[in-house]
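Here is the file my_file-v9.cif (mmCIF, C-alpha atoms and all ligand atoms).
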```
data_work
loop_
_atom_site.label_atom_id
_atom_site.label_comp_id
_atom_site.auth_asym_id
_atom_site.auth_seq_id
_atom_site.Cartn_x
_atom_site.Cartn_y
_atom_site.Cartn_z
CA MET A 300 106.08 104.86 112.23
CA ILE A 301 107.56 104.98 115.72
CA ASP A 302 104.81 102.66 116.98
CA ARG A 303 105.65 100.22 114.22
CA PHE A 304 109.33 100.45 115.18
CA ARG A 305 108.43 99.67 118.78
CA GLU A 306 106.29 96.70 117.72
CA VAL A 307 109.07 95.27 115.59
CA TYR A 308 112.02 95.90 117.91
CA GLY A 309 110.41 95.94 121.35
CA SER A 310 111.51 99.46 122.20
CA ALA A 311 111.83 102.80 120.41
CA GLU A 312 114.25 104.34 122.85
CA GLY A 313 116.66 106.79 121.24
CA VAL A 314 115.01 106.46 117.84
CA ARG A 315 115.70 109.10 115.19
CA VAL A 316 114.10 109.41 111.75
CA PHE A 317 115.77 110.43 108.50
CA ARG A 318 114.03 111.29 105.25
CA ALA A 319 115.22 111.40 101.64
CA PRO A 320 112.91 112.34 98.74
CA GLY A 321 112.30 110.82 95.33
CA ARG A 322 112.40 113.09 92.30
CA VAL A 323 110.87 113.88 89.00
CA ASN A 324 113.18 115.14 86.30
CA LEU A 325 111.63 118.01 84.35
CA ILE A 326 114.19 117.96 81.54
CA GLY A 327 117.73 116.71 80.85
CA GLU A 328 117.37 112.95 80.43
CA HIS A 329 120.35 110.61 80.04
CA THR A 330 122.64 113.62 80.17
CA ASP A 331 123.97 113.17 83.72
CA TYR A 332 126.43 110.34 82.97
CA ASN A 333 127.55 112.41 79.98
CA LEU A 334 128.43 115.16 82.47
CA GLY A 335 125.79 117.52 81.12
CA PHE A 336 122.78 119.30 82.58
CA VAL A 337 119.63 118.08 84.31
CA MET A 338 116.73 119.87 85.94
CA PRO A 339 114.89 117.74 88.48
CA VAL A 340 112.67 118.60 91.43
CA ALA A 341 112.61 116.71 94.72
CA LEU A 342 109.14 115.34 95.49
CA ASP A 343 107.25 115.13 98.73
CA LEU A 344 107.21 111.37 98.14
CA ALA A 345 110.11 110.11 100.23
CA CYS A 346 111.81 107.25 102.04
CA TYR A 347 111.81 107.49 105.84
CA ILE A 348 114.10 105.44 108.04
CA ALA A 349 113.72 105.17 111.79
CA VAL A 350 116.95 104.07 113.46
CA ALA A 351 118.20 103.26 116.94
CA PRO A 352 121.42 101.59 118.13
CA SER A 353 121.17 97.83 118.73
CA ALA A 354 122.87 96.22 121.72
CA ASP A 355 123.68 92.83 120.21
CA GLY A 356 126.08 93.65 117.39
CA LYS A 357 123.42 93.14 114.71
CA LEU A 358 122.37 95.40 111.89
CA ARG A 359 118.69 94.89 111.10
CA MET A 360 116.49 96.35 108.41
CA TYR A 361 112.75 96.06 108.49
CA SER A 362 110.72 97.09 105.43
CA GLU A 363 107.18 98.15 106.31
CA HIS A 364 106.06 97.89 102.71
CA ARG A 365 107.20 94.27 102.42
CA ASP A 366 106.73 93.43 106.07
CA GLU A 367 110.13 91.79 105.84
CA MET A 368 113.12 91.70 108.18
CA ARG A 369 116.79 91.19 107.25
CA GLU A 370 119.68 90.87 109.65
CA TRP A 371 123.51 90.90 109.50
CA ASP A 372 126.44 91.03 111.88
CA ALA A 373 127.25 94.72 111.72
CA ALA A 374 130.98 93.95 111.91
CA ARG A 375 130.77 91.86 108.73
CA ILE A 376 128.59 94.09 106.59
CA GLY A 377 131.67 95.21 104.65
CA ALA A 378 132.16 91.67 103.30
CA GLU A 379 128.55 91.13 102.21
CA LEU A 380 127.91 90.29 98.53
CA PRO A 381 124.96 91.61 96.51
CA ALA A 382 121.75 89.64 97.15
CA HIS A 383 119.85 91.08 94.16
CA GLN A 384 117.07 92.48 96.26
CA TRP A 385 116.07 95.75 97.94
CA THR A 386 118.67 95.45 100.71
CA ASP A 387 121.46 95.87 98.14
CA TYR A 388 120.88 99.64 98.17
CA PRO A 389 121.46 100.20 101.89
CA VAL A 390 124.12 97.46 102.15
CA GLY A 391 125.99 99.06 99.23
CA VAL A 392 125.80 102.38 101.03
CA ALA A 393 127.12 100.81 104.26
CA GLN A 394 130.12 99.46 102.33
CA GLU A 395 130.86 102.86 100.79
CA LEU A 396 130.66 104.45 104.24
CA ILE A 397 133.22 101.94 105.49
CA ARG A 398 135.50 102.81 102.55
CA GLU A 399 135.09 106.44 103.50
CA GLY A 400 136.40 105.59 106.99
CA PHE A 401 133.12 105.40 108.91
CA PHE A 402 132.29 102.64 111.34
CA VAL A 403 128.85 101.15 110.59
CA GLU A 404 127.38 100.69 114.04
CA PRO A 405 125.03 97.90 115.09
CA ALA A 406 121.54 99.33 114.66
CA ASN A 407 117.88 98.57 114.10
CA LEU A 408 116.29 100.24 111.08
CA SER A 409 112.67 100.45 110.06
CA ILE A 410 111.96 101.64 106.54
CA ARG A 411 108.86 103.32 105.18
CA SER A 412 108.65 104.69 101.66
CA THR A 413 105.99 106.60 99.79
CA VAL A 414 108.03 106.64 96.56
CA PRO A 415 106.44 104.00 94.33
CA GLU A 416 109.00 101.39 93.26
CA GLY A 417 109.80 100.97 89.58
CA SER A 418 108.02 104.22 88.81
CA GLY A 419 111.09 106.12 87.62
CA LEU A 420 110.70 108.50 90.58
CA SER A 421 113.95 107.30 92.17
CA SER A 422 112.81 105.12 95.01
CA SER A 423 116.32 103.62 95.01
CA ALA A 424 118.15 106.92 95.44
CA ALA A 425 115.71 107.82 98.22
CA LEU A 426 116.52 104.53 99.94
CA GLU A 427 120.27 105.01 99.49
CA VAL A 428 120.35 108.56 100.81
CA SER A 429 118.04 107.92 103.77
CA GLY A 430 120.03 104.74 104.44
CA ALA A 431 123.29 106.69 104.56
CA LEU A 432 121.78 109.22 106.97
CA ALA A 433 120.42 106.43 109.16
CA PHE A 434 123.82 104.67 109.31
CA LEU A 435 125.49 107.98 110.08
CA ASN A 436 122.79 108.64 112.69
CA GLY A 437 123.82 112.24 113.25
CA ARG A 438 127.49 112.01 112.26
CA GLU A 439 128.43 114.70 109.72
CA LEU A 440 129.06 114.06 106.06
CA GLU A 441 129.23 116.94 103.59
CA PRO A 442 126.12 116.95 101.34
CA LEU A 443 128.02 116.55 98.07
CA LYS A 444 130.06 113.68 99.53
CA LEU A 445 126.83 112.07 100.68
CA ALA A 446 125.33 112.24 97.18
CA ARG A 447 128.48 110.91 95.51
CA LEU A 448 128.87 108.12 98.03
CA CYS A 449 125.31 106.95 97.36
CA GLN A 450 125.92 107.08 93.61
CA ARG A 451 129.03 104.90 94.10
CA ALA A 452 126.95 102.42 96.12
CA GLU A 453 124.60 102.02 93.19
CA ARG A 454 127.42 101.73 90.67
CA ASN A 455 129.72 99.45 92.67
CA PHE A 456 127.34 97.24 94.62
CA VAL A 457 124.06 97.29 92.71
CA GLY A 458 125.91 97.36 89.39
CA MET A 459 123.92 100.16 87.74
CA PRO A 460 126.29 102.62 86.01
CA CYS A 461 124.00 105.54 86.88
CA GLY A 462 124.78 109.24 86.81
CA ILE A 463 124.61 111.59 89.79
CA MET A 464 121.18 113.14 89.23
CA ASP A 465 118.95 111.06 91.49
CA GLN A 466 121.18 111.05 94.56
CA TYR A 467 122.12 114.70 94.05
CA ILE A 468 118.54 116.00 93.93
CA SER A 469 117.55 113.76 96.84
CA VAL A 470 120.22 115.57 98.89
CA PHE A 471 119.92 119.08 97.43
CA GLY A 472 116.17 119.35 96.69
CA ARG A 473 114.59 122.70 97.41
CA GLU A 474 111.09 123.54 98.46
CA ASN A 475 109.36 125.59 95.75
CA SER A 476 112.12 125.39 93.14
CA ALA A 477 113.52 123.11 90.55
CA VAL A 478 117.28 122.58 90.59
CA GLU A 479 119.55 122.82 87.58
CA ILE A 480 122.56 120.60 88.13
CA ASP A 481 125.80 120.81 86.19
CA CYS A 482 126.85 117.17 86.33
CA ARG A 483 130.49 117.98 85.57
CA SER A 484 131.22 120.74 88.08
CA LEU A 485 128.63 119.22 90.46
CA GLU A 486 127.32 122.67 91.17
CA HIS A 487 123.66 123.60 91.00
CA ARG A 488 121.35 126.52 91.08
CA ASP A 489 117.75 126.77 92.15
CA VAL A 490 115.41 127.67 89.34
CA GLN A 491 112.17 129.40 90.16
CA LEU A 492 109.35 127.90 88.12
CA PRO A 493 106.99 130.47 86.63
CA ALA A 494 103.56 131.09 88.11
CA GLY A 495 100.54 129.77 86.24
CA ILE A 496 101.79 126.23 85.63
CA THR A 497 102.06 123.03 87.54
CA PHE A 498 103.67 119.64 86.90
CA LEU A 499 102.12 116.21 87.31
CA ALA A 500 103.70 112.78 87.00
CA ALA A 501 101.60 109.97 85.54
CA ASN A 502 102.69 106.39 86.15
CA THR A 503 102.46 103.80 83.34
CA MET A 504 102.51 101.15 86.10
CA VAL A 505 104.89 99.12 83.94
CA LYS A 506 108.63 98.62 83.99
CA HIS A 507 109.97 96.60 81.09
CA ALA A 508 112.72 94.11 81.80
CA LEU A 509 114.93 95.80 79.23
CA ALA A 510 115.50 98.87 81.42
CA GLY A 511 118.73 97.76 83.13
CA SER A 512 120.53 96.25 80.16
CA ALA A 513 119.49 99.06 77.80
CA TYR A 514 120.80 101.65 80.27
CA LYS A 515 124.24 100.00 80.23
CA GLU A 516 124.09 99.79 76.46
CA ARG A 517 123.36 103.54 76.21
CA VAL A 518 126.26 104.35 78.52
CA ALA A 519 128.54 102.31 76.23
CA GLU A 520 127.13 103.90 73.07
CA CYS A 521 127.81 107.37 74.47
CA ALA A 522 131.40 106.34 75.21
CA ALA A 523 131.68 105.13 71.61
CA ALA A 524 130.34 108.48 70.40
CA VAL A 525 132.99 110.32 72.41
CA GLU A 526 135.69 108.10 70.88
CA GLY A 527 134.36 108.82 67.39
CA ILE A 528 134.13 112.57 67.92
CA ARG A 529 137.63 112.73 69.41
CA GLN A 530 139.03 111.64 66.04
CA GLN A 531 137.91 115.03 64.73
CA ILE A 532 137.91 117.15 67.89
CA PRO A 533 140.58 115.74 70.26
CA GLU A 534 139.74 118.00 73.21
CA VAL A 535 136.31 116.37 73.66
CA ALA A 536 136.28 114.34 76.89
CA SER A 537 132.53 113.76 77.19
CA LEU A 538 129.39 114.56 75.18
CA ARG A 539 129.00 117.56 77.45
CA ASP A 540 131.89 119.20 75.60
CA VAL A 541 130.15 118.99 72.23
CA SER A 542 128.01 121.90 71.02
CA VAL A 543 125.11 121.32 68.65
CA ALA A 544 127.09 122.98 65.83
CA GLN A 545 130.18 120.83 66.52
CA PHE A 546 128.03 117.74 66.57
CA GLU A 547 126.57 118.59 63.19
CA SER A 548 130.04 119.06 61.76
CA VAL A 549 131.13 115.54 62.74
CA ALA A 550 127.82 113.67 62.73
CA ASN A 551 128.16 111.99 59.33
CA ARG A 552 131.40 110.33 60.45
CA LEU A 553 129.67 108.47 63.27
CA PRO A 554 127.95 105.10 62.83
CA GLU A 555 124.18 105.53 62.51
CA VAL A 556 123.01 104.33 65.94
CA VAL A 557 125.84 106.04 67.81
CA ARG A 558 125.08 109.23 65.88
CA ARG A 559 121.46 109.24 67.04
CA ARG A 560 122.42 108.55 70.66
CA ALA A 561 124.90 111.42 70.61
CA ARG A 562 122.41 113.70 68.89
CA HIS A 563 119.96 113.12 71.72
CA VAL A 564 122.49 113.94 74.42
CA VAL A 565 123.94 117.01 72.69
CA THR A 566 120.54 118.50 71.84
CA GLU A 567 119.12 117.59 75.26
CA ASP A 568 121.85 119.55 77.04
CA ASP A 569 120.96 122.48 74.83
CA ARG A 570 117.26 122.05 75.65
CA VAL A 571 117.97 122.16 79.38
CA GLU A 572 119.70 125.51 79.03
CA ARG A 573 116.88 126.88 76.89
CA PHE A 574 114.28 125.49 79.29
CA VAL A 575 115.93 127.20 82.27
CA ASP A 576 116.07 130.42 80.33
CA ALA A 577 112.44 130.14 79.20
CA SER A 578 111.45 129.33 82.76
CA GLU A 579 113.14 132.46 84.07
CA ARG A 580 111.45 134.58 81.40
CA GLY A 581 108.08 132.92 81.97
CA ASP A 582 107.87 131.72 78.37
CA LEU A 583 105.43 128.90 79.01
CA ALA A 584 104.87 128.03 75.36
CA LEU A 585 108.59 127.50 74.76
CA MET A 586 108.94 125.42 77.93
CA GLY A 587 106.14 123.15 76.74
CA LYS A 588 107.63 122.84 73.28
CA LEU A 589 111.05 121.87 74.70
CA LEU A 590 109.45 119.15 76.84
CA VAL A 591 107.85 117.62 73.77
CA GLU A 592 111.09 117.87 71.77
CA SER A 593 112.87 116.12 74.60
CA HIS A 594 110.36 113.29 74.51
CA ARG A 595 110.61 112.84 70.75
CA SER A 596 114.37 112.76 70.99
CA LEU A 597 114.20 110.06 73.70
CA GLN A 598 111.62 108.18 71.66
CA TYR A 599 113.33 108.16 68.27
CA ASP A 600 117.02 108.98 68.78
CA TYR A 601 117.80 107.53 72.18
CA GLU A 602 115.12 104.82 71.99
CA VAL A 603 114.42 104.52 75.71
CA SER A 604 110.69 105.23 75.61
CA CYS A 605 108.01 102.56 75.23
CA GLU A 606 104.48 102.25 73.94
CA GLU A 607 102.85 103.05 77.28
CA LEU A 608 104.96 106.18 77.83
CA ASP A 609 104.29 107.39 74.30
CA PHE A 610 100.57 106.82 74.80
CA LEU A 611 100.53 108.89 78.00
CA VAL A 612 102.49 111.70 76.34
CA ASP A 613 100.39 111.76 73.17
CA THR A 614 97.15 111.60 75.13
CA ALA A 615 98.28 114.37 77.49
CA LEU A 616 99.09 116.65 74.58
CA GLY A 617 95.48 116.43 73.44
CA ILE A 618 94.04 117.46 76.80
CA GLU A 619 92.83 121.01 77.47
CA GLY A 620 95.31 123.12 79.45
CA VAL A 621 98.36 120.91 78.81
CA LEU A 622 101.46 122.79 77.65
CA GLY A 623 103.91 119.92 77.30
CA ALA A 624 104.71 116.36 78.34
CA ARG A 625 107.56 113.88 78.22
CA MET A 626 108.81 110.65 79.75
CA THR A 627 110.93 111.15 82.85
CA GLY A 628 113.73 109.04 84.35
CA GLY A 629 115.55 106.14 82.75
CA GLY A 630 112.64 105.04 80.51
CA PHE A 631 111.11 101.69 79.44
CA GLY A 632 108.16 102.39 81.73
CA GLY A 633 107.79 104.46 84.84
CA CYS A 634 106.38 107.96 84.66
CA THR A 635 105.72 110.82 82.32
CA VAL A 636 105.81 114.42 83.47
CA THR A 637 103.20 116.86 82.19
CA MET A 638 103.24 120.64 82.42
CA LEU A 639 99.79 122.14 82.61
CA ARG A 640 97.70 125.01 83.86
CA PRO A 641 96.60 124.56 87.48
CA ASP A 642 92.90 124.77 86.60
CA ALA A 643 93.34 121.85 84.18
CA VAL A 644 94.60 119.41 86.82
CA SER A 645 91.41 117.60 87.68
CA GLY A 646 90.22 117.36 84.06
CA PHE A 647 93.64 116.06 83.07
CA SER A 648 93.73 113.43 85.81
CA GLN A 649 90.30 112.15 84.85
CA GLU A 650 90.92 112.06 81.13
CA ILE A 651 94.36 110.49 81.25
CA THR A 652 93.26 107.86 83.76
CA GLY A 653 90.20 106.93 81.71
CA ALA A 654 92.09 106.74 78.41
CA TYR A 655 94.95 104.68 79.85
CA GLU A 656 92.64 102.30 81.64
CA ARG A 657 90.61 101.72 78.48
CA LYS A 658 93.74 100.97 76.52
CA TYR A 659 95.86 98.97 78.97
CA GLY A 660 93.47 97.92 81.72
CA LEU A 661 95.74 99.58 84.28
CA LYS A 662 94.95 102.63 86.36
CA PRO A 663 97.83 105.11 86.13
CA THR A 664 98.53 106.88 89.41
CA VAL A 665 98.93 110.64 89.01
CA TYR A 666 101.25 112.49 91.40
CA SER A 667 101.62 116.18 92.05
CA CYS A 668 105.22 117.33 91.58
CA LYS A 669 105.35 120.06 94.17
CA PRO A 670 109.05 120.80 94.73
CA SER A 671 110.11 119.69 98.21
CA SER A 672 113.18 119.91 100.36
CA GLY A 673 116.15 117.56 100.22
CA ALA A 674 117.20 114.87 102.67
CA GLY A 675 117.55 115.42 106.41
CA GLU A 676 116.41 114.46 109.85
CA VAL A 677 112.69 114.54 110.64
CA LYS A 678 112.21 116.09 114.05
CA ASN A 679 108.44 116.28 113.98
CA PHE A 680 107.19 112.68 113.78
CA GLU A 681 103.65 113.93 113.13
CA LYS A 682 104.80 114.90 109.66
CA ILE A 683 105.61 111.34 108.58
CA PRO A 684 102.94 110.12 106.14
CA PRO A 685 101.49 106.59 106.30
CA GLN A 686 103.07 103.77 104.30
CA ALA A 687 101.31 103.99 100.91
C1 LIG B 701 118.21 106.92 85.92
C2 LIG B 701 119.62 107.14 86.48
C3 LIG B 701 120.01 108.61 86.40
C4 LIG B 701 119.77 109.18 85.01
C5 LIG B 701 118.38 108.82 84.50
C6 LIG B 701 118.17 109.22 83.07
O1 LIG B 701 117.28 107.55 86.76
O2 LIG B 701 119.71 106.69 87.80
O3 LIG B 701 121.35 108.77 86.80
O4 LIG B 701 120.76 108.73 84.12
O5 LIG B 701 118.10 107.45 84.61
O6 LIG B 701 118.22 110.61 82.92
#
```

Output the file's structure as structure tokens, nothing else.
Amino acid sequence: MIDRFREVYGSAEGVRVFRAPGRVNLIGEHTDYNLGFVMPVALDLACYIAVAPSADGKLRMYSEHRDEMREWDAARIGAELPAHQWTDYPVGVAQELIREGFFVEPANLSIRSTVPEGSGLSSSAALEVSGALAFLNGRELEPLKLARLCQRAERNFVGMPCGIMDQYISVFGRENSAVEIDCRSLEHRDVQLPAGITFLAANTMVKHALAGSAYKERVAECAAAVEGIRQQIPEVASLRDVSVAQFESVANRLPEVVRRRARHVVTEDDRVERFVDASERGDLALMGKLLVESHRSLQYDYEVSCEELDFLVDTALGIEGVLGARMTGGGFGGCTVTMLRPDAVSGFSQEITGAYERKYGLKPTVYSCKPSSGAGEVKNFEKIPPQA
């Protein structure tokens, strides 16, 4: 990566490298912007940015994957408008840093990412967080502020009203554990996953165009649900405040679609808590069952799944050694996550790949979901993997 940097910019003097991981969410989907619970793991798939100061006042970003260079006057980056392309993520981050009182220095950046784009494994959060670290280039920013700033970049500049999950786990990921995040208090705890199971992500290789607009629609429907519930229970400020029992007591007063959206969120929060508990007790069967319930709720109540995701989940559930499976991330394509016994991994990969290829003519990539550490500087350049 350093050689590439040198080729592109002529010199690699003073170069530093920052890394931020993608994630797979084990359970707790579409709960983060409702201030509820999520339980993701940071992956060893990550975005790496090599950065060195530039002497000519320019800010440059080179993407290895696209073999594409973009350039701005660093002093004017704060006035840039969205360009509806990959650079919006780092440019949005630069603008939030400026708002936070940081000076965005002229610099040359070279970007490498092993997080597949459009896969629902948060390539954008990985780019935002590594981008922020590269712009800061060693200057301190508290981890929680870093995560929130990157979330604001996506909301304000990219225009996606996302929750905090992806940026948070990219910053706070932990090697060997999943992380349960309380999206209201913004506190988390590491959750040890039981022995005897492993998680794999399987990529549908599709991302339906609906994803962005449907996400905004769901955010609005959840707000409508809160409004409706407040008529009966005034102290409710978000769906996070609603217990399953409370929901049932008011459900028939909500319009049909809004009722199903709220039912997903309220029951999903409950599933996260039960999943964490089952995980700590080593109740593998219950964990698997909760994953499947989560998927069905996303499929029928929240309606953010799609045919390809459902096919991968249903096929997985018929494979020897699989304990549970669900879609992960925003939906409408991207990945599923499957919980299975370690000795079933190679059989699973073969069977799922064969079945999906026969049906859709696409080869689904399967990724191991080994929990990895959160964002930071990479000191040992040998550890940087090749551009996928
Ligand atoms: C996307 C968003 C997250 C979260 C998930 C759904 O990944 O960026 O904030 O809402 O969808 O759980």

With only C-alpha atoms and all ligand atoms counted, collect every polymer residue having an atom within 8 Å of ligand LIG 701 (chain B); state the result as a VMD selection string.
-> chain A and resid 324 327 to 332 337 419 to 421 424 459 to 465 514 627 to 630

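Note that the spacing between CA of Trp371 (chain A) and CA of Ala393 (chain A) amounts to 11.8 Å.
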
Residue contacts of Ser596 (chain A) (12 Å, all atoms listed in the file) excluding same-chain residues fewer than 3 positions away, as a VMD selection string = chain A and resid 326 to 329 559 to 568 570 589 to 593 599 to 604 609 625 to 626

Could you work out an axis-aligned bounding box for all listed atoms of region 611-622 of chain A, with 4 Å added on each of the six sides, and give its centre and edge lengths in Å to one decimal, as AutoDock Vina command-line options?
```
--center_x 97.7 --center_y 116.0 --center_z 76.3 --size_x 17.7 --size_y 22.2 --size_z 14.3
```

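Counting from CA of Arg398 (chain A), the distance to CA of Leu358 (chain A) is 17.7 Å.
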
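Nearest to Val644 (chain A) of all the residues A:Val621, A:Leu426, A:Leu408, A:Met368 is A:Val621, based on all atoms listed in the file.
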
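Using only C-alpha atoms, the nearest neighbour of Gln598 (chain A) within the list A:Val612, A:Met586, A:Thr413, A:Asp366 is A:Val612.
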
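Here CA of Glu676 (chain A) and CA of Ala349 (chain A) stand 9.9 Å from one another.
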
Shell around Pro415 (chain A) at 10 Å using all atoms listed in the file, local window under 6 positions removed, as a ChimeraX atom specification | /A:321,344-346,421-423,502,504,633,664,687

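The closest residue to Arg369 (chain A), picked from A:Lys658, A:Val392, A:Leu342, A:Ser409 and counting all atoms listed in the file, is A:Ser409.
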
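Residue nearest Pro670 (chain A), chosen from A:Val323, A:Val314, A:Ala654, A:Leu435 and counting all atoms listed in the file: A:Val323.
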
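The residue that comes closest to Gly620 (chain A), out of A:Arg558, A:Arg359, A:Arg322, A:Arg640 and on the basis of only C-alpha atoms, is A:Arg640.
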
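Checking A:Glu650, A:Glu379, A:Glu363, A:Glu453 one by one against Gln686 (chain A), counting all atoms listed in the file, you find the shortest gap at A:Glu363.
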
Residues near Ala584 (chain A), cut-off 9 Å, all atoms listed in the file, skip fewer than 5 positions along chain, as JSON, numbers by chain = {"A": [577, 589, 622, 623]}

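Distance cut-off 9 Å, centre (125.6, 93.5, 120.4), atoms counted all atoms listed in the file; the residues meeting this are Ser353, Ala354, Asp355, Gly356, Lys357, Asp372, Ala373 and Pro405 of chain A.
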